[in-house]
2 protein chains.
Amino acid sequence: MPHDERRPARAANTAVQVRDALREAILAGEYLPGERLVEAQLCVRLEASRFNVRAALQDLAAEGLIEVQRNRGAQVRKVSMAEAVEITEVRMVVEGLIAGRAAERVTDDEAIELDEIGLLMRRAVEAGEYRRYSDLNQRLHALIRDIAGHQTADRIVETLRGQLVRHQYMLSLVPGRPQTSLPQHERIIAAIRSRDPQAAETAMRTHISSVTEALKSLKSLSYA
Amino acid sequence: MPHDERRPARAANTAVQVRDALREAILAGEYLPGERLVEAQLCVRLEASRFNVRAALQDLAAEGLIEVQRNRGAQVRKVSMAEAVEITEVRMVVEGLIAGRAAERVTDDEAIELDEIGLLMRRAVEAGEYRRYSDLNQRLHALIRDIAGHQTADRIVETLRGQLVRHQYMLSLVPGRPQTSLPQHERIIAAIRSRDPQAAETAMRTHISSVTEALKSLKSLSYA
DNA sequence: GCTGACAAAATTGTCGACAAAGTTGAGGCG
DNA sequence: CGCCTCAACTTTGTCGACAATTTTGTCAGC
């Protein structure tokens, strides 16, 4: 047996653990955009050596979650509204690709699953359970990505999504969004179910395009 | 004056220099896919400390140019034909987005520049100067990206392109390619010039889609 | 001659210490 | 009173050494 399960007194988390924990923390909003991430502090907070903290920071910088400046350390990346729009635009076309592929490859079982989520979504909106609707939204997009099985596109969408968490939170507060997006989701599901790639791509793009519009309208209201 | 220009005897290249040099080397084919990159060797080759070599390797791994396995070191990433197709598919939609935006924002001066490249391309094909045509191809795509001014999309396309260098080389050997792609390029230019985003996106997608087809046809011929 | 285990070598992983750069605050000068 | 200078402190950058792991090589036993 290579190593003992008990950690050597003060736990030394590995680089991967540190990376995931830190990403989680940033995405959870425990560090605000623009906030400086001091290595020594992170060592204490995450119970890891500076070596591993540093590696984690480098990874997250590559993901676009933080920015590092030479001799100035790392800080949580501020994504401007303009960048948020750009990111959403790229997501639009890539998720469109994914939706189209999902329509080509969907199995009967998966089609049933799509219907189920669609039904639950409608019920959630009718019951005013927006939190639940938001969860289902994520599940729907994840399922579509599963069906498509497009690794390269997946990775990109996942990365882009990570950079937007803060804005997505703001978006969820826009009144009337669920009423707007529910029919869009239903159209996406219908297109994939009927195995029509062209329609699926168009439906997905229309959907995310409306997210972009919502973002742009927020631009005038919110900070900056 | 912060530091002397003369290096301290045995030059200690910085992490950024090492990263760029190593990327260059990999893209130039000096290291073959699957080849192991031993840190100690790279230290000598690139005249840098192991610390910087390591940082560079981590960066290139994030770019998808190499793969690192714990306790097993780094090796140049082998992209399978299937992955190459996936990557090209994503490039197709993202470059489509870029082309559409370019059509929205192109200035008169830029339009002239597009025409010039188009003309040079036609001449190069007619003269059988395929090497020159290939260079112009890159210039055209770069110019379109400039016109579009979409940072997020740019970064993604650049990353994806890096992962494909080896396959692109193979592609350039497919006989008859220039004759196929020249009219496609001309259609893209025409669409952007006439400020028709929809047509520009379609033209670009058609173009890259034909690259995907060429790749797929190579699948049966080449290795693997 | 082949297979397995064991030892030796090569390679990567981790850390702590020190160097270099940036930041802040106090004091003096105009 | 404000601004500049300089020094102390904070934070990041770099390295060399050692530990852990994987890979390679050898030799006995079948």
# chains A, B, ... in the order shown; residues from 1 in each chain; ligands from 1
>>> residues_around(residues="range 211-218 of chain A", least_positions_apart="6", cutoff="10 Å", atoms="only C-alpha atoms (C1' of nucleotides)", output="ChimeraX atom specification")
/A:81-82,84-89,92,167-168,170-171,174,177,180-181,205
>>> write_last_selection(atoms="N, CA, C and O atoms", output="mmCIF file, in the first residue's frame")
data_model
loop_
_atom_site.group_PDB
_atom_site.id
_atom_site.type_symbol
_atom_site.label_atom_id
_atom_site.label_comp_id
_atom_site.auth_asym_id
_atom_site.auth_seq_id
_atom_site.Cartn_x
_atom_site.Cartn_y
_atom_site.Cartn_z
ATOM 1 N N MET A 81 -19.491 43.716 -19.718
ATOM 2 C CA MET A 81 -20.715 43.351 -20.394
ATOM 3 C C MET A 81 -20.434 42.996 -21.853
ATOM 4 O O MET A 81 -21.001 42.052 -22.389
ATOM 5 N N ALA A 82 -19.537 43.771 -22.494
ATOM 6 C CA ALA A 82 -19.222 43.500 -23.889
ATOM 7 C C ALA A 82 -18.641 42.094 -24.043
ATOM 8 O O ALA A 82 -19.026 41.354 -24.953
ATOM 9 N N ALA A 84 -19.141 39.611 -22.029
ATOM 10 C CA ALA A 84 -20.216 38.657 -21.741
ATOM 11 C C ALA A 84 -21.052 38.405 -22.992
ATOM 12 O O ALA A 84 -21.435 37.266 -23.281
ATOM 13 N N VAL A 85 -21.298 39.467 -23.735
ATOM 14 C CA VAL A 85 -22.057 39.311 -24.975
ATOM 15 C C VAL A 85 -21.259 38.457 -25.961
ATOM 16 O O VAL A 85 -21.797 37.528 -26.570
ATOM 17 N N GLU A 86 -19.971 38.757 -26.101
ATOM 18 C CA GLU A 86 -19.124 37.967 -26.998
ATOM 19 C C GLU A 86 -19.161 36.493 -26.618
ATOM 20 O O GLU A 86 -19.327 35.616 -27.465
ATOM 21 N N ILE A 87 -18.992 36.236 -25.346
ATOM 22 C CA ILE A 87 -18.956 34.849 -24.880
ATOM 23 C C ILE A 87 -20.271 34.154 -25.207
ATOM 24 O O ILE A 87 -20.289 33.011 -25.688
ATOM 25 N N THR A 88 -21.368 34.861 -24.980
ATOM 26 C CA THR A 88 -22.668 34.262 -25.255
ATOM 27 C C THR A 88 -22.853 34.018 -26.748
ATOM 28 O O THR A 88 -23.466 33.028 -27.153
ATOM 29 N N GLU A 89 -22.307 34.913 -27.551
ATOM 30 C CA GLU A 89 -22.415 34.714 -29.004
ATOM 31 C C GLU A 89 -21.697 33.433 -29.440
ATOM 32 O O GLU A 89 -22.222 32.651 -30.242
ATOM 33 N N MET A 92 -23.607 30.538 -28.463
ATOM 34 C CA MET A 92 -24.761 30.351 -29.339
ATOM 35 C C MET A 92 -24.423 29.430 -30.504
ATOM 36 O O MET A 92 -25.120 28.444 -30.749
ATOM 37 N N HIS A 167 -22.794 36.806 -14.457
ATOM 38 C CA HIS A 167 -23.800 37.409 -15.311
ATOM 39 C C HIS A 167 -25.057 36.552 -15.384
ATOM 40 O O HIS A 167 -26.154 37.069 -15.477
ATOM 41 N N GLN A 168 -24.846 35.236 -15.357
ATOM 42 C CA GLN A 168 -26.016 34.370 -15.423
ATOM 43 C C GLN A 168 -26.916 34.589 -14.228
ATOM 44 O O GLN A 168 -28.135 34.543 -14.326
ATOM 45 N N MET A 170 -27.286 37.394 -12.663
ATOM 46 C CA MET A 170 -28.023 38.616 -12.933
ATOM 47 C C MET A 170 -29.180 38.361 -13.891
ATOM 48 O O MET A 170 -30.273 38.887 -13.711
ATOM 49 N N LEU A 171 -28.904 37.518 -14.881
ATOM 50 C CA LEU A 171 -29.922 37.225 -15.882
ATOM 51 C C LEU A 171 -31.157 36.594 -15.270
ATOM 52 O O LEU A 171 -32.285 36.912 -15.639
ATOM 53 N N VAL A 174 -33.976 38.785 -14.314
ATOM 54 C CA VAL A 174 -34.796 39.527 -15.268
ATOM 55 C C VAL A 174 -36.222 38.981 -15.224
ATOM 56 O O VAL A 174 -36.426 37.783 -15.421
ATOM 57 N N ARG A 177 -38.379 36.136 -17.749
ATOM 58 C CA ARG A 177 -37.505 35.270 -18.534
ATOM 59 C C ARG A 177 -38.083 33.862 -18.735
ATOM 60 O O ARG A 177 -38.099 33.363 -19.856
ATOM 61 N N THR A 180 -40.487 33.589 -21.409
ATOM 62 C CA THR A 180 -39.875 33.728 -22.731
ATOM 63 C C THR A 180 -39.178 32.459 -23.164
ATOM 64 O O THR A 180 -39.307 32.009 -24.301
ATOM 65 N N SER A 181 -38.429 31.864 -22.231
ATOM 66 C CA SER A 181 -37.546 30.781 -22.648
ATOM 67 C C SER A 181 -38.235 29.424 -22.697
ATOM 68 O O SER A 181 -37.776 28.531 -23.412
ATOM 69 N N ARG A 205 -30.107 28.354 -31.468
ATOM 70 C CA ARG A 205 -29.515 29.673 -31.696
ATOM 71 C C ARG A 205 -30.509 30.774 -31.366
ATOM 72 O O ARG A 205 -30.145 31.782 -30.754
#
>>> closest_atom_pairs(of="chain C", to="chain B", cutoff="12 Å", atoms="only C-alpha atoms (C1' of nucleotides)", output="JSON lines")
{"residue": "C:DA10", "atom": "C1'", "partner": "B:Val38", "partner_atom": "CA", "distance": 10.3}
{"residue": "C:DT11", "atom": "C1'", "partner": "B:Val38", "partner_atom": "CA", "distance": 7.7}
{"residue": "C:DT12", "atom": "C1'", "partner": "B:Asn71", "partner_atom": "CA", "distance": 5.3}
{"residue": "C:DG13", "atom": "C1'", "partner": "B:Asn71", "partner_atom": "CA", "distance": 7.3}
{"residue": "C:DA20", "atom": "C1'", "partner": "B:Pro2", "partner_atom": "CA", "distance": 9.9}
{"residue": "C:DA21", "atom": "C1'", "partner": "B:Pro2", "partner_atom": "CA", "distance": 9.6}
>>> select_by_dssp(residues="range 29-122 of chain A", states="alpha helix (DSSP H)", output="PyMOL selection string")
chain A and resi 39-46+50-63+81-105+108-122
>>> closest_atom_pairs(of="chain B", to="chain D", cutoff="12 Å", atoms="only C-alpha atoms (C1' of nucleotides)", output="JSON lines")
{"residue": "B:Ala12", "atom": "CA", "partner": "D:DT14", "partner_atom": "C1'", "distance": 10.3}
{"residue": "B:Asn13", "atom": "CA", "partner": "D:DT14", "partner_atom": "C1'", "distance": 11.6}
{"residue": "B:Thr14", "atom": "CA", "partner": "D:DT14", "partner_atom": "C1'", "distance": 10.1}
{"residue": "B:Ala15", "atom": "CA", "partner": "D:DG13", "partner_atom": "C1'", "distance": 10.5}
{"residue": "B:Ala48", "atom": "CA", "partner": "D:DT14", "partner_atom": "C1'", "distance": 11.1}
{"residue": "B:Ser49", "atom": "CA", "partner": "D:DC15", "partner_atom": "C1'", "distance": 7.9}
{"residue": "B:Arg50", "atom": "CA", "partner": "D:DC15", "partner_atom": "C1'", "distance": 8.8}
{"residue": "B:Phe51", "atom": "CA", "partner": "D:DT14", "partner_atom": "C1'", "distance": 7.5}
{"residue": "B:Asn52", "atom": "CA", "partner": "D:DT14", "partner_atom": "C1'", "distance": 8.7}
{"residue": "B:Ala55", "atom": "CA", "partner": "D:DT14", "partner_atom": "C1'", "distance": 11.9}
{"residue": "B:Gln69", "atom": "CA", "partner": "D:DT22", "partner_atom": "C1'", "distance": 11.7}
{"residue": "B:Arg70", "atom": "CA", "partner": "D:DT21", "partner_atom": "C1'", "distance": 9.5}
{"residue": "B:Asn71", "atom": "CA", "partner": "D:DT21", "partner_atom": "C1'", "distance": 6.2}
{"residue": "B:Arg72", "atom": "CA", "partner": "D:DT22", "partner_atom": "C1'", "distance": 7.1}
{"residue": "B:Gly73", "atom": "CA", "partner": "D:DT22", "partner_atom": "C1'", "distance": 10.1}
>>> write_last_selection(atoms="N, CA and C atoms", output="tab-separated table (two decimals), in the first residue's frame")
chain	number	residue	atom	x	y	z
B	12	ALA	N	19.10	32.06	-18.67
B	12	ALA	CA	17.93	31.48	-18.02
B	12	ALA	C	16.69	32.11	-18.64
B	13	ASN	N	16.13	31.46	-19.65
B	13	ASN	CA	14.97	32.01	-20.33
B	13	ASN	C	13.76	32.00	-19.40
B	14	THR	N	12.92	32.99	-19.59
B	14	THR	CA	11.74	33.10	-18.75
B	14	THR	C	10.65	32.12	-19.20
B	15	ALA	N	9.65	31.98	-18.35
B	15	ALA	CA	8.60	30.99	-18.61
B	15	ALA	C	7.90	31.28	-19.94
B	48	ALA	N	16.75	26.72	-19.96
B	48	ALA	CA	15.90	27.28	-18.91
B	48	ALA	C	15.91	26.36	-17.70
B	49	SER	N	15.46	26.88	-16.61
B	49	SER	CA	15.39	26.06	-15.39
B	49	SER	C	14.19	25.12	-15.47
B	50	ARG	N	14.22	24.10	-14.67
B	50	ARG	CA	13.12	23.14	-14.71
B	50	ARG	C	11.83	23.81	-14.29
B	51	PHE	N	11.93	24.75	-13.41
B	51	PHE	CA	10.75	25.48	-12.95
B	51	PHE	C	10.00	26.09	-14.13
B	52	ASN	N	10.73	26.79	-14.97
B	52	ASN	CA	10.09	27.45	-16.11
B	52	ASN	C	9.61	26.45	-17.15
B	55	ALA	N	6.29	25.17	-15.97
B	55	ALA	CA	5.21	26.14	-16.17
B	55	ALA	C	4.78	26.15	-17.64
B	69	GLN	N	0.40	13.48	-17.94
B	69	GLN	CA	-0.19	12.49	-17.05
B	69	GLN	C	0.63	12.49	-15.77
B	70	ARG	N	-0.05	12.40	-14.69
B	70	ARG	CA	0.64	12.49	-13.41
B	70	ARG	C	1.70	11.40	-13.29
B	71	ASN	N	2.87	11.81	-12.88
B	71	ASN	CA	4.01	10.90	-12.70
B	71	ASN	C	4.51	10.27	-14.00
B	72	ARG	N	3.93	10.71	-15.09
B	72	ARG	CA	4.35	10.13	-16.38
B	72	ARG	C	4.83	11.19	-17.35
B	73	GLY	N	4.76	12.41	-16.92
B	73	GLY	CA	5.32	13.46	-17.77
B	73	GLY	C	4.42	13.87	-18.91
>>> interface_residues(of="chain A", to="chain B", cutoff="7 Å", atoms="only C-alpha atoms", output="PDB file with N, CA and C atoms, in the first residue's frame")
ATOM      1  N   ALA A  62      -5.731  29.774 -17.330  1.00  0.00           N
ATOM      2  CA  ALA A  62      -5.922  29.204 -18.663  1.00  0.00           C
ATOM      3  C   ALA A  62      -7.406  29.019 -18.960  1.00  0.00           C
ATOM      4  N   GLU A  86     -19.971  38.757 -26.101  1.00  0.00           N
ATOM      5  CA  GLU A  86     -19.124  37.967 -26.998  1.00  0.00           C
ATOM      6  C   GLU A  86     -19.161  36.493 -26.618  1.00  0.00           C
ATOM      7  N   ILE A  87     -18.992  36.236 -25.346  1.00  0.00           N
ATOM      8  CA  ILE A  87     -18.956  34.849 -24.880  1.00  0.00           C
ATOM      9  C   ILE A  87     -20.271  34.154 -25.207  1.00  0.00           C
ATOM     10  N   VAL A  90     -20.502  33.221 -28.902  1.00  0.00           N
ATOM     11  CA  VAL A  90     -19.782  31.999 -29.259  1.00  0.00           C
ATOM     12  C   VAL A  90     -20.546  30.783 -28.754  1.00  0.00           C
ATOM     13  N   VAL A  93     -23.337  29.724 -31.189  1.00  0.00           N
ATOM     14  CA  VAL A  93     -23.043  28.921 -32.381  1.00  0.00           C
ATOM     15  C   VAL A  93     -22.568  27.519 -32.001  1.00  0.00           C
ATOM     16  N   VAL A  94     -21.811  27.413 -30.918  1.00  0.00           N
ATOM     17  CA  VAL A  94     -21.309  26.087 -30.549  1.00  0.00           C
ATOM     18  C   VAL A  94     -22.447  25.212 -30.019  1.00  0.00           C
ATOM     19  N   HIS A 150     -20.108  15.411 -28.299  1.00  0.00           N
ATOM     20  CA  HIS A 150     -19.087  16.151 -29.036  1.00  0.00           C
ATOM     21  C   HIS A 150     -18.105  16.747 -28.027  1.00  0.00           C
ATOM     22  N   THR A 152     -15.083  18.074 -28.056  1.00  0.00           N
ATOM     23  CA  THR A 152     -14.446  19.368 -28.283  1.00  0.00           C
ATOM     24  C   THR A 152     -15.415  20.507 -27.998  1.00  0.00           C
ATOM     25  N   ALA A 153     -16.616  20.402 -28.528  1.00  0.00           N
ATOM     26  CA  ALA A 153     -17.608  21.447 -28.305  1.00  0.00           C
ATOM     27  C   ALA A 153     -17.968  21.531 -26.822  1.00  0.00           C
TER      28      ALA A 153
END
